[in-house]
>>> print(open('model34.cif').read())   # mmCIF, C-alpha atoms
data_upload
loop_
_atom_site.label_atom_id
_atom_site.label_comp_id
_atom_site.auth_asym_id
_atom_site.auth_seq_id
_atom_site.Cartn_x
_atom_site.Cartn_y
_atom_site.Cartn_z
CA MET T 1 -4.93 104.09 -191.82
CA THR T 2 -7.32 107.02 -191.52
CA ILE T 3 -10.31 107.23 -189.21
CA LEU T 4 -12.51 106.58 -192.23
CA SER T 5 -11.22 103.05 -192.79
CA THR T 6 -13.51 100.08 -192.16
CA SER T 7 -11.23 97.34 -193.47
CA SER T 8 -10.81 95.79 -190.01
CA ARG T 9 -14.53 94.99 -189.92
CA PHE T 10 -14.28 93.20 -193.24
CA VAL T 11 -11.24 91.27 -192.07
CA ARG T 12 -13.11 90.09 -188.98
CA ALA T 13 -15.80 88.77 -191.27
CA ILE T 14 -13.18 86.96 -193.34
CA ALA T 15 -11.56 85.50 -190.24
CA GLY T 16 -14.87 84.09 -189.10
CA THR T 17 -15.96 83.16 -192.64
CA THR T 18 -19.36 84.58 -191.72
CA MET T 19 -21.90 86.61 -193.62
CA LEU T 20 -21.32 90.36 -193.66
CA ALA T 21 -24.97 91.37 -193.57
CA VAL T 22 -27.03 88.66 -191.86
CA THR T 23 -26.08 88.45 -188.21
CA GLY T 24 -28.01 87.77 -185.05
CA ALA T 25 -27.72 88.45 -181.34
CA ALA T 26 -25.82 85.78 -179.44
CA LEU T 27 -27.46 84.28 -176.37
CA ALA T 28 -25.74 84.86 -173.06
CA GLN T 29 -25.55 81.15 -172.28
CA THR T 30 -21.88 81.16 -171.46
CA VAL T 31 -21.34 77.99 -169.44
CA PRO T 32 -22.52 74.52 -170.45
CA ASP T 33 -24.77 72.50 -168.16
CA SER T 34 -22.76 70.42 -165.68
CA THR T 35 -24.96 67.37 -166.28
CA VAL T 36 -24.29 64.86 -169.06
CA PRO T 37 -26.65 65.78 -171.92
CA GLU T 38 -28.95 63.29 -173.64
CA THR T 39 -27.32 62.78 -177.04
CA GLY T 40 -29.86 60.52 -178.67
CA LEU T 41 -26.93 58.35 -179.77
CA ASP T 42 -26.09 54.84 -178.60
CA ILE T 43 -22.72 55.60 -176.98
CA PRO T 44 -21.49 53.17 -174.30
CA SER T 45 -20.31 54.65 -171.01
CA ASN T 46 -17.13 52.54 -171.10
CA LEU T 47 -16.34 53.17 -174.76
CA GLN T 48 -13.08 52.05 -176.34
CA ILE T 49 -11.55 53.79 -179.37
CA PHE T 50 -10.34 51.44 -182.12
CA GLY T 51 -7.76 53.20 -184.27
CA LYS T 52 -6.87 56.89 -184.18
CA ILE T 53 -7.07 60.09 -186.14
CA ASP T 54 -3.63 61.35 -187.03
CA PRO T 55 -3.67 65.17 -186.50
CA ASN T 56 -0.65 65.46 -188.80
CA VAL T 57 -2.61 64.18 -191.80
CA ARG T 58 -4.59 67.00 -193.37
CA LYS T 59 -6.44 66.80 -196.64
CA PRO T 60 -5.82 69.94 -198.68
CA THR T 61 -8.72 69.46 -201.09
CA ALA T 62 -12.44 68.98 -200.51
CA ILE T 63 -15.16 68.26 -203.06
CA VAL T 64 -18.53 69.55 -201.84
CA ASN T 65 -21.41 68.15 -203.87
CA GLY T 66 -19.13 68.32 -206.89
CA THR T 67 -17.64 71.78 -206.11
CA VAL T 68 -13.87 71.56 -205.68
CA ILE T 69 -12.14 73.49 -202.89
CA THR T 70 -8.39 73.34 -203.42
CA GLY T 71 -5.50 73.80 -201.06
CA THR T 72 -4.79 77.05 -202.92
CA ASP T 73 -8.30 78.30 -202.10
CA VAL T 74 -7.62 77.70 -198.41
CA ASP T 75 -4.14 79.25 -198.56
CA GLN T 76 -5.33 82.41 -200.31
CA ARG T 77 -8.26 83.00 -197.97
CA MET T 78 -6.02 82.37 -194.98
CA ALA T 79 -3.20 84.58 -196.28
CA LEU T 80 -5.31 87.74 -196.22
CA ILE T 81 -6.43 87.04 -192.66
CA VAL T 82 -2.83 86.62 -191.52
CA ALA T 83 -1.56 89.67 -193.41
CA ALA T 84 -4.38 92.03 -192.45
CA ASN T 85 -4.10 91.15 -188.76
CA GLN T 86 -0.29 90.82 -188.80
CA PHE T 87 -0.58 87.43 -187.12
CA GLN T 88 2.56 85.63 -185.97
CA LEU T 89 1.09 82.15 -185.64
CA LYS T 90 2.61 79.06 -184.12
CA PRO T 91 2.31 75.94 -186.31
CA GLU T 92 -0.57 74.56 -184.25
CA GLU T 93 -2.36 77.93 -184.41
CA ALA T 94 -1.91 78.10 -188.18
CA ASN T 95 -3.33 74.59 -188.50
CA GLN T 96 -6.38 75.53 -186.42
CA LEU T 97 -6.96 78.66 -188.51
CA ARG T 98 -6.62 76.60 -191.68
CA LEU T 99 -9.30 74.22 -190.42
CA THR T 100 -11.61 77.13 -189.60
CA VAL T 101 -11.09 78.62 -193.06
CA LEU T 102 -11.77 75.29 -194.79
CA ARG T 103 -15.00 74.86 -192.85
CA GLY T 104 -16.03 78.35 -193.92
CA LEU T 105 -15.25 77.60 -197.57
CA ILE T 106 -17.38 74.45 -197.36
CA ASP T 107 -20.29 76.50 -195.98
CA GLU T 108 -19.73 79.07 -198.70
CA ALA T 109 -19.96 76.40 -201.41
CA LEU T 110 -23.17 75.03 -199.87
CA GLN T 111 -24.70 78.51 -199.73
CA ILE T 112 -23.92 79.24 -203.38
CA GLN T 113 -25.30 75.85 -204.41
CA GLN T 114 -28.50 76.37 -202.43
CA ALA T 115 -29.00 79.84 -203.91
CA LYS T 116 -28.79 78.35 -207.40
CA THR T 117 -31.77 76.09 -206.60
CA GLU T 118 -33.76 79.33 -206.64
CA ASP T 119 -32.05 80.45 -209.89
CA ILE T 120 -30.08 83.08 -207.95
CA THR T 121 -26.83 84.12 -209.56
CA ILE T 122 -24.59 87.12 -208.95
CA THR T 123 -23.63 89.03 -212.09
CA SER T 124 -20.13 90.22 -212.97
CA ASP T 125 -21.25 93.83 -212.60
CA GLU T 126 -22.50 93.15 -209.08
CA LEU T 127 -19.23 91.48 -208.18
CA ASP T 128 -17.25 94.37 -209.66
CA GLN T 129 -19.20 96.92 -207.61
CA ALA T 130 -18.82 94.97 -204.38
CA PHE T 131 -15.13 94.33 -205.06
CA ALA T 132 -14.60 98.08 -205.53
CA LYS T 133 -16.25 98.79 -202.17
CA VAL T 134 -14.02 96.27 -200.42
CA ALA T 135 -10.96 97.77 -202.10
CA THR T 136 -12.02 101.21 -200.83
CA ASN T 137 -12.30 99.81 -197.31
CA PHE T 138 -8.66 98.74 -197.63
CA GLY T 139 -7.73 102.22 -198.83
CA LYS T 140 -7.07 101.11 -202.41
CA THR T 141 -8.57 101.42 -205.86
CA PRO T 142 -9.81 98.23 -207.56
CA ALA T 143 -6.74 98.35 -209.81
CA GLU T 144 -4.43 98.55 -206.78
CA PHE T 145 -6.31 95.95 -204.76
CA GLY T 146 -5.50 93.00 -207.01
CA PRO T 147 -1.69 93.46 -206.82
CA TYR T 148 -1.99 94.03 -203.05
CA LEU T 149 -3.86 90.75 -202.62
CA ARG T 150 -1.24 88.89 -204.66
CA SER T 151 1.55 90.48 -202.61
CA VAL T 152 0.16 88.96 -199.39
CA GLY T 153 -0.48 85.56 -200.95
CA SER T 154 -4.19 85.99 -201.65
CA SER T 155 -6.02 86.83 -204.88
CA ALA T 156 -8.87 88.85 -206.34
CA ARG T 157 -10.54 85.57 -207.25
CA SER T 158 -10.65 84.52 -203.60
CA ILE T 159 -12.29 87.77 -202.48
CA ARG T 160 -14.75 87.74 -205.38
CA ARG T 161 -15.73 84.17 -204.46
CA GLN T 162 -16.45 85.22 -200.88
CA ILE T 163 -18.46 88.20 -202.10
CA GLU T 164 -20.44 85.90 -204.39
CA GLY T 165 -21.23 83.57 -201.51
CA GLU T 166 -22.37 86.36 -199.22
CA LEU T 167 -24.52 88.12 -201.82
CA ALA T 168 -26.08 84.88 -203.07
CA TRP T 169 -26.94 83.71 -199.54
CA GLN T 170 -28.40 87.10 -198.58
CA ARG T 171 -30.56 87.09 -201.70
CA TYR T 172 -31.66 83.51 -201.04
CA LEU T 173 -32.73 84.41 -197.50
CA ARG T 174 -34.62 87.49 -198.69
CA ARG T 175 -36.49 85.41 -201.24
CA THR T 176 -37.25 82.25 -199.27
CA VAL T 177 -37.05 83.07 -195.56
CA GLU T 178 -37.90 86.72 -194.92
CA PRO T 179 -41.42 86.54 -196.47
CA ARG T 180 -42.29 83.82 -193.93
CA ILE T 181 -41.01 85.74 -190.88
CA ASN T 182 -43.54 87.71 -188.90
CA VAL T 183 -43.18 89.71 -185.69
CA SER T 184 -46.48 90.96 -184.29
CA ASP T 185 -47.13 94.37 -182.76
CA GLU T 186 -47.91 92.61 -179.48
CA GLU T 187 -44.46 90.99 -179.43
CA VAL T 188 -42.77 94.32 -180.09
CA LYS T 189 -44.80 96.02 -177.35
CA LYS T 190 -43.88 93.30 -174.86
CA VAL T 191 -40.16 93.83 -175.51
CA LEU T 192 -40.46 97.63 -175.33
CA ASP T 193 -42.35 97.35 -172.03
CA ALA T 194 -39.59 95.10 -170.67
CA MET T 195 -36.95 97.62 -171.72
CA ASN T 196 -38.82 100.44 -170.01
CA ALA T 197 -39.12 98.33 -166.86
CA ALA T 198 -35.34 97.80 -166.91
CA LYS T 199 -34.55 101.50 -167.34
CA GLY T 200 -31.26 102.41 -165.67
CA THR T 201 -30.01 98.81 -165.55
CA PRO T 202 -26.38 98.41 -166.66
CA GLU T 203 -25.77 96.58 -169.93
CA PHE T 204 -22.48 95.16 -171.12
CA ASN T 205 -21.32 94.41 -174.66
CA LEU T 206 -19.10 91.42 -173.97
CA ARG T 207 -17.00 88.79 -175.67
CA GLU T 208 -16.10 85.57 -173.89
CA ILE T 209 -13.71 82.66 -174.16
CA TYR T 210 -14.81 79.63 -172.13
CA VAL T 211 -12.67 76.51 -171.66
CA SER T 212 -13.85 73.56 -169.57
CA ALA T 213 -11.48 72.13 -166.99
CA THR T 214 -11.51 69.16 -164.67
CA PRO T 215 -9.55 69.63 -161.41
CA ASP T 216 -6.49 67.88 -162.85
CA ARG T 217 -6.50 70.15 -165.94
CA ALA T 218 -7.24 73.45 -164.18
CA GLY T 219 -3.62 74.57 -164.00
CA ALA T 220 -2.95 73.91 -167.67
CA VAL T 221 -6.16 75.65 -168.77
CA VAL T 222 -5.42 78.73 -166.65
CA ALA T 223 -1.87 78.90 -168.04
CA ALA T 224 -3.15 78.65 -171.64
CA LEU T 225 -5.74 81.37 -171.09
CA ARG T 226 -3.20 83.67 -169.42
CA GLN T 227 -0.84 83.18 -172.36
CA ALA T 228 -3.66 84.03 -174.78
CA MET T 229 -4.45 87.18 -172.78
CA GLU T 230 -0.80 88.19 -172.86
CA ASP T 231 -0.69 87.63 -176.62
CA MET T 232 -3.80 89.78 -177.06
CA LYS T 233 -2.32 92.59 -174.97
CA ASN T 234 0.85 92.46 -177.08
CA GLY T 235 -1.16 92.66 -180.29
CA LYS T 236 -0.24 89.20 -181.54
CA ALA T 237 -3.84 88.38 -182.47
CA PRO T 238 -7.29 89.83 -181.63
CA PHE T 239 -9.76 88.41 -179.14
CA ASP T 240 -11.89 87.06 -182.01
CA TYR T 241 -9.11 84.70 -183.09
CA TYR T 242 -8.64 83.12 -179.67
CA ALA T 243 -12.41 82.87 -179.13
CA ARG T 244 -12.81 80.97 -182.42
CA THR T 245 -9.87 78.65 -181.80
CA MET T 246 -10.01 78.10 -178.02
CA SER T 247 -13.52 78.71 -176.72
CA GLU T 248 -15.91 75.83 -176.08
CA ALA T 249 -18.93 78.12 -175.69
CA THR T 250 -21.65 78.22 -178.35
CA THR T 251 -20.57 81.80 -179.15
CA SER T 252 -17.12 80.74 -180.41
CA LYS T 253 -18.22 80.92 -184.06
CA ASN T 254 -19.13 84.58 -183.51
CA GLY T 255 -15.73 85.44 -182.07
CA GLY T 256 -17.09 85.00 -178.55
CA ALA T 257 -19.65 87.80 -178.97
CA LEU T 258 -22.39 87.75 -176.33
CA GLY T 259 -23.87 91.02 -177.58
CA TRP T 260 -25.55 93.42 -175.16
CA VAL T 261 -26.40 91.57 -171.95
CA ARG T 262 -27.49 92.63 -168.47
CA ALA T 263 -25.87 91.35 -165.31
CA ALA T 264 -28.93 89.25 -164.47
CA ALA T 265 -28.46 87.24 -167.68
CA LEU T 266 -24.88 86.28 -166.78
CA PRO T 267 -23.51 83.72 -164.34
CA THR T 268 -22.73 85.44 -161.04
CA GLU T 269 -18.95 85.20 -161.51
CA LEU T 270 -19.09 86.89 -164.91
CA ALA T 271 -21.60 89.52 -163.77
CA VAL T 272 -19.29 90.58 -160.93
CA ALA T 273 -16.28 90.78 -163.26
CA ALA T 274 -18.18 92.76 -165.92
CA GLY T 275 -19.31 95.30 -163.33
CA GLU T 276 -15.69 96.01 -162.39
CA MET T 277 -14.31 96.29 -165.94
CA GLN T 278 -13.61 99.36 -168.04
CA VAL T 279 -14.29 99.49 -171.78
CA GLY T 280 -11.45 97.81 -173.68
CA GLN T 281 -10.28 95.73 -170.73
CA LEU T 282 -9.71 91.98 -170.43
CA SER T 283 -10.62 90.05 -167.30
CA GLY T 284 -9.73 86.51 -166.34
CA PRO T 285 -9.22 83.67 -166.16
CA ILE T 286 -12.47 83.71 -164.13
CA PRO T 287 -13.43 80.46 -162.36
CA VAL T 288 -16.94 79.43 -163.43
CA PRO T 289 -18.84 76.16 -163.06
CA GLY T 290 -16.99 73.54 -165.08
CA GLY T 291 -14.05 75.65 -166.21
CA PHE T 292 -12.67 79.16 -166.73
CA SER T 293 -13.68 82.22 -168.75
CA VAL T 294 -11.93 85.28 -170.14
CA LEU T 295 -14.04 88.39 -170.81
CA TYR T 296 -13.44 91.39 -173.07
CA LEU T 297 -15.65 94.46 -172.51
CA GLU T 298 -16.33 96.17 -175.82
CA ASP T 299 -18.77 98.74 -174.43
CA LYS T 300 -21.21 99.45 -171.63
CA ARG T 301 -24.32 101.57 -171.13
CA THR T 302 -27.49 101.81 -169.08
CA VAL T 303 -30.85 100.78 -170.49
CA LEU T 304 -32.66 103.88 -171.78
CA GLY T 305 -30.05 106.11 -170.17
CA ASN T 306 -28.08 108.81 -171.89
CA ASP T 307 -25.31 107.01 -173.74
CA PRO T 308 -22.28 109.29 -174.19
CA ARG T 309 -20.63 106.79 -176.56
CA ALA T 310 -23.61 107.04 -178.92
CA ALA T 311 -22.97 110.76 -179.48
CA LYS T 312 -22.24 111.65 -183.10
CA LEU T 313 -18.97 113.47 -183.67
CA SER T 314 -17.75 116.03 -186.16
CA LEU T 315 -14.00 115.52 -186.46
CA LYS T 316 -10.98 116.65 -188.40
CA GLN T 317 -8.00 114.32 -188.56
CA ILE T 318 -4.64 115.94 -189.18
CA LYS T 319 -1.98 113.45 -190.26
CA VAL T 320 1.68 113.49 -191.22
CA ALA T 321 3.10 110.45 -193.02
CA PHE T 322 6.68 109.36 -192.39
CA PRO T 323 8.91 108.45 -195.34
CA ALA T 324 10.21 104.90 -195.57
CA GLY T 325 13.35 104.43 -193.51
CA THR T 326 12.47 107.02 -190.88
CA THR T 327 14.54 106.33 -187.77
CA GLN T 328 13.22 106.31 -184.20
CA GLU T 329 15.13 109.51 -183.50
CA GLN T 330 13.56 111.22 -186.52
CA THR T 331 10.16 109.95 -185.43
CA GLN T 332 10.59 111.54 -182.01
CA GLU T 333 11.70 114.85 -183.54
CA ARG T 334 8.73 114.99 -185.92
CA ALA T 335 6.33 113.98 -183.17
CA ALA T 336 7.59 116.85 -181.02
CA ALA T 337 7.17 119.33 -183.89
CA PHE T 338 3.71 117.95 -184.60
CA ALA T 339 2.70 118.33 -180.94
CA LYS T 340 3.87 121.96 -180.99
CA THR T 341 1.72 122.61 -184.07
CA LEU T 342 -1.30 121.14 -182.27
CA GLN T 343 -0.84 123.61 -179.42
CA GLY T 344 -1.41 126.42 -181.88
CA ILE T 345 -4.73 125.08 -183.15
CA ASN T 346 -7.62 127.24 -181.97
CA GLY T 347 -10.73 125.46 -183.19
CA CYS T 348 -11.39 123.59 -186.39
CA GLY T 349 -11.17 126.74 -188.48
CA SER T 350 -7.41 126.85 -187.94
CA VAL T 351 -6.73 123.21 -188.83
CA ALA T 352 -6.25 123.77 -192.58
CA LYS T 353 -3.56 126.44 -192.10
CA ALA T 354 -1.77 124.45 -189.40
CA ALA T 355 -1.74 121.38 -191.65
CA ALA T 356 -0.42 123.36 -194.62
CA ASP T 357 2.42 124.75 -192.51
CA ILE T 358 3.77 121.26 -191.77
CA GLY T 359 2.68 119.47 -194.95
CA ALA T 360 -0.02 117.44 -193.23
CA GLU T 361 -3.16 115.86 -194.66
CA VAL T 362 -6.62 116.75 -193.30
CA VAL T 363 -9.57 114.33 -193.35
CA ASP T 364 -13.10 115.39 -192.35
CA ASN T 365 -15.66 113.03 -190.84
CA ASP T 366 -19.12 113.90 -189.55
CA GLN T 367 -20.54 110.36 -189.32
CA LEU T 368 -18.66 108.67 -186.50
CA THR T 369 -19.98 108.06 -183.02
CA VAL T 370 -17.71 107.94 -179.99
CA ARG T 371 -17.87 104.14 -179.86
CA ASP T 372 -16.59 103.90 -183.45
CA LEU T 373 -13.18 105.04 -182.16
CA PRO T 374 -10.61 102.80 -180.42
CA PRO T 375 -11.19 102.66 -176.64
CA ALA T 376 -8.18 104.87 -175.80
CA LEU T 377 -9.42 107.63 -178.13
CA GLN T 378 -12.98 107.26 -176.82
CA GLU T 379 -11.87 108.20 -173.33
CA MET T 380 -9.96 111.23 -174.67
CA VAL T 381 -12.79 112.52 -176.84
CA LEU T 382 -15.37 112.17 -174.05
CA LYS T 383 -13.29 114.63 -171.96
CA MET T 384 -12.58 117.13 -174.77
CA GLN T 385 -14.18 120.51 -175.50
CA VAL T 386 -15.09 121.56 -179.03
CA GLY T 387 -11.99 122.93 -180.77
CA GLN T 388 -9.52 120.84 -178.78
CA ALA T 389 -7.17 118.26 -180.26
CA THR T 390 -6.13 114.86 -178.97
CA PRO T 391 -2.47 114.23 -178.20
CA PRO T 392 -0.53 112.84 -181.17
CA PHE T 393 -0.88 109.13 -181.87
CA GLY T 394 0.45 106.80 -184.57
CA SER T 395 3.49 104.70 -185.43
CA PRO T 396 6.81 105.04 -187.29
CA THR T 397 5.35 103.08 -190.23
CA GLU T 398 1.94 104.77 -190.54
CA GLY T 399 2.85 108.29 -189.47
CA ILE T 400 1.41 110.47 -186.74
CA SER T 401 -2.11 111.87 -186.33
CA ALA T 402 -4.40 113.84 -184.07
CA LEU T 403 -8.14 114.39 -183.99
CA VAL T 404 -9.68 117.82 -183.59
CA LEU T 405 -13.22 117.89 -182.19
CA CYS T 406 -15.44 120.21 -184.21
CA GLY T 407 -18.82 119.30 -182.75
CA VAL T 408 -20.87 116.79 -180.75
CA THR T 409 -24.50 115.77 -181.22
CA GLU T 410 -25.62 114.12 -178.00
CA ALA T 411 -27.69 110.94 -178.10
CA THR T 412 -30.65 111.20 -175.70
CA ASN T 413 -31.36 107.50 -175.06
CA ASN T 414 -30.94 104.09 -176.64
CA LEU T 415 -34.62 103.07 -176.89
CA PRO T 416 -35.31 101.82 -180.41
CA SER T 417 -38.50 102.77 -182.17
CA ALA T 418 -41.17 100.11 -182.62
CA GLY T 419 -40.18 99.84 -186.29
CA GLN T 420 -36.47 99.47 -185.50
CA LEU T 421 -37.15 96.84 -182.85
CA GLN T 422 -39.46 94.91 -185.13
CA TYR T 423 -36.77 94.85 -187.83
CA GLN T 424 -34.14 93.66 -185.32
CA MET T 425 -36.42 90.87 -184.10
CA GLU T 426 -37.20 89.84 -187.67
CA GLN T 427 -33.50 89.70 -188.55
CA GLN T 428 -32.77 87.57 -185.47
CA ARG T 429 -35.41 85.09 -186.60
CA VAL T 430 -34.11 85.14 -190.16
CA ASN T 431 -30.64 84.39 -188.81
CA LEU T 432 -31.88 81.49 -186.69
CA ARG T 433 -33.68 80.05 -189.69
CA ALA T 434 -30.56 80.55 -191.82
CA GLN T 435 -28.50 78.61 -189.29
CA LYS T 436 -30.97 75.72 -189.40
CA ILE T 437 -30.95 75.67 -193.21
CA LEU T 438 -27.15 75.63 -193.28
CA ARG T 439 -27.10 72.87 -190.65
CA ASP T 440 -29.40 70.75 -192.84
CA LEU T 441 -27.26 71.47 -195.91
CA ARG T 442 -24.18 70.24 -194.05
CA ARG T 443 -25.99 67.07 -192.99
CA ASP T 444 -27.10 66.29 -196.53
CA ALA T 445 -23.85 67.26 -198.24
CA ILE T 446 -21.56 64.76 -199.93
CA ILE T 447 -18.06 65.92 -199.04
CA GLU T 448 -14.99 64.08 -200.27
CA TYR T 449 -11.49 64.93 -199.01
CA ARG T 450 -8.42 64.22 -201.13
#
>>> encode(input="model34.cif", output="structure tokens")
Amino acid sequence: MTILSTSSRFVRAIAGTTMLAVTGAALAQTVPDSTVPETGLDIPSNLQIFGKIDPNVRKPTAIVNGTVITGTDVDQRMALIVAANQFQLKPEEANQLRLTVLRGLIDEALQIQQAKTEDITITSDELDQAFAKVATNFGKTPAEFGPYLRSVGSSARSIRRQIEGELAWQRYLRRTVEPRINVSDEEVKKVLDAMNAAKGTPEFNLREIYVSATPDRAGAVVAALRQAMEDMKNGKAPFDYYARTMSEATTSKNGGALGWVRAAALPTELAVAAGEMQVGQLSGPIPVPGGFSVLYLEDKRTVLGNDPRAAKLSLKQIKVAFPAGTTQEQTQERAAAFAKTLQGINGCGSVAKAAADIGAEVVDNDQLTVRDLPPALQEMVLKMQVGQATPPFGSPTEGISALVLCGVTEATNNLPSAGQLQYQMEQQRVNLRAQKILRDLRRDAIIEYR
């Protein structure tokens, strides 16, 4: 995969069965209130359950207001998630993912149905164009993408259906919700003033998994969270997956994303942990009121401070692919030869010749920021001078690469303009309204399982 690929972002959207374009900032309310909430329901304190739900009985088909979702629909949507992330799921994990996918497909059907009440339909040409963009993100042409999807147990029809749902819902929100959203200049000024007042304050871009635990369950919860952390470190599944399937926090549907938060907005235990973490690190299980949390630090910065990870980079990637069947010994030999070639690179002007000498491919990119790179490469690039190359990185299956730094455009601060902030606030309100509409659609839906 080259540094230009964005397929992982699309896969995360598939895994969460969320919209690709309409997202909002998650609130940093990470731990539920310890008091018993008022439910508004007549539930006795000494309730008795009559009968049981058998977790081994799962209905493969749902009919949502007349729209049929088959077991094949679920399987195909799930198959791409598993293949793209190289998941090795236990049976109970696969069942949980299947449930998450089915819920997403139900929401997708409701969104398409609601869009049609406004006579919104997505044309074949629009679907073709969007499908081609997704194929490009996976490094394939549209003609290649269909066979690839079939090879992993998915289908072009499944992806086109998801695209239809996302485009239809976005168009519905633009037509019915956005015209009614208003953010005043006074509101924008108030937020900008607050940001200026907080200048220099650390901010953390965090994800969290929270699991409640009574004293008798604490040991089991800690063990489960530690196992999940170990699985994440070994690459078994990303943080998003465990947040969606384990976390009891309200942010679980967003893969545990808290967004950018300051220490003052976090519970004390989490604020202390975040302040000690490095970008890309996990921390936990952290004891918090009512249970335990695991944190993942995606990024950090200071409010209105110079943000080195926001610097725009000019890069050249030099890459050598390994033929199928390459042994570990051959991989080591080629890596050593590749590293020797890198030592002879004197600035970006010499990359083309060095690549030609060893039969390597060169990819240019002038659009990435430092934070677009994986954490390990971020730390390398931040310490590099223009003209230097990273050490080789890669794998026996994907080949070996290095990045050569051709230029850096520093970012001065992270204060948005009034227009940018107004747009962000409007989109947050659109997203909140969208969530309420979808909640009402779920409540009114007639869903039959077979």
>>> closest_residue(input="model34.cif", among="T:Ile163, T:Val362, T:Leu149, T:Val294", to="Ser124 of chain T", atoms="all atoms listed in the file")
T:Ile163
>>> closest_residue(input="model34.cif", among="T:Gln281, T:Ser314, T:Asn205, T:Thr341", to="Leu258 of chain T", atoms="all atoms listed in the file")
T:Asn205
>>> closest_residue(input="model34.cif", among="T:Pro202, T:Thr251, T:Ser158, T:Pro308", to="Ala271 of chain T", atoms="only C-alpha atoms")
T:Pro202
>>> closest_residue(input="model34.cif", among="T:Gly256, T:Ile345, T:Trp169, T:Lys233", to="Leu282 of chain T", atoms="all atoms listed in the file")
T:Lys233
>>> closest_residue(input="model34.cif", among="T:Arg262, T:Arg334, T:Arg217, T:Lys190", to="Ala418 of chain T", atoms="only C-alpha atoms")
T:Lys190
>>> resolve_selection(input="model34.cif", expression="the PyMOL selection byres ((chain T and resi 375-383) around 9)", output="list in words")
Val279, Gly280, Glu298, Asp299, Pro308, Arg309, Val370, Arg371, Asp372, Leu373, Pro374, Met384, Gln385, Ala389, Thr390, Pro391, Leu403 and Leu405 of chain T
>>> atom_distance(input="model34.cif", atom1="atom CA of Val408 of chain T", atom2="atom CA of Lys312 of chain T")
5.8 Å
>>> residues_around(input="model34.cif", residues="Arg180 of chain T", least_positions_apart="3", cutoff="12 Å", atoms="all atoms listed in the file", output="NGL selection string")
:T and (173-177 or 183 or 426-427 or 429-430 or 433)
>>> axis_aligned_box(input="model34.cif", around="segment 80-96 of chain T", padding_each_side="4 Å", output="AutoDock Vina command-line options")
--center_x -1.9 --center_y 83.3 --center_z -190.2 --size_x 17.0 --size_y 25.5 --size_z 20.1
>>> closest_residue(input="model34.cif", among="T:Ile400, T:Ala354, T:Leu297, T:Leu99", to="Gln332 of chain T", atoms="only C-alpha atoms")
T:Ile400
>>> residues_around(input="model34.cif", residues="segment 356-361 of chain T", least_positions_apart="6", cutoff="10 Å", atoms="all atoms listed in the file", output="list in words")
Gln317, Ile318, Lys319, Val320, Ala321, Arg334, Ala337, Phe338, Thr341, Ile400 and Ser401 of chain T
>>> atom_distance(input="model34.cif", atom1="atom CA of Asp107 of chain T", atom2="atom CA of Ile159 of chain T")
15.3 Å
>>> residues_around(input="model34.cif", residues="Thr67 of chain T", least_positions_apart="3", cutoff="9 Å", atoms="all atoms listed in the file", output="list in words")
Ala62, Ile63, Val64, Ala109, Leu110 and Gln113 of chain T
>>> atom_distance(input="model34.cif", atom1="atom CA of Ala168 of chain T", atom2="atom CA of Leu441 of chain T")
15.2 Å
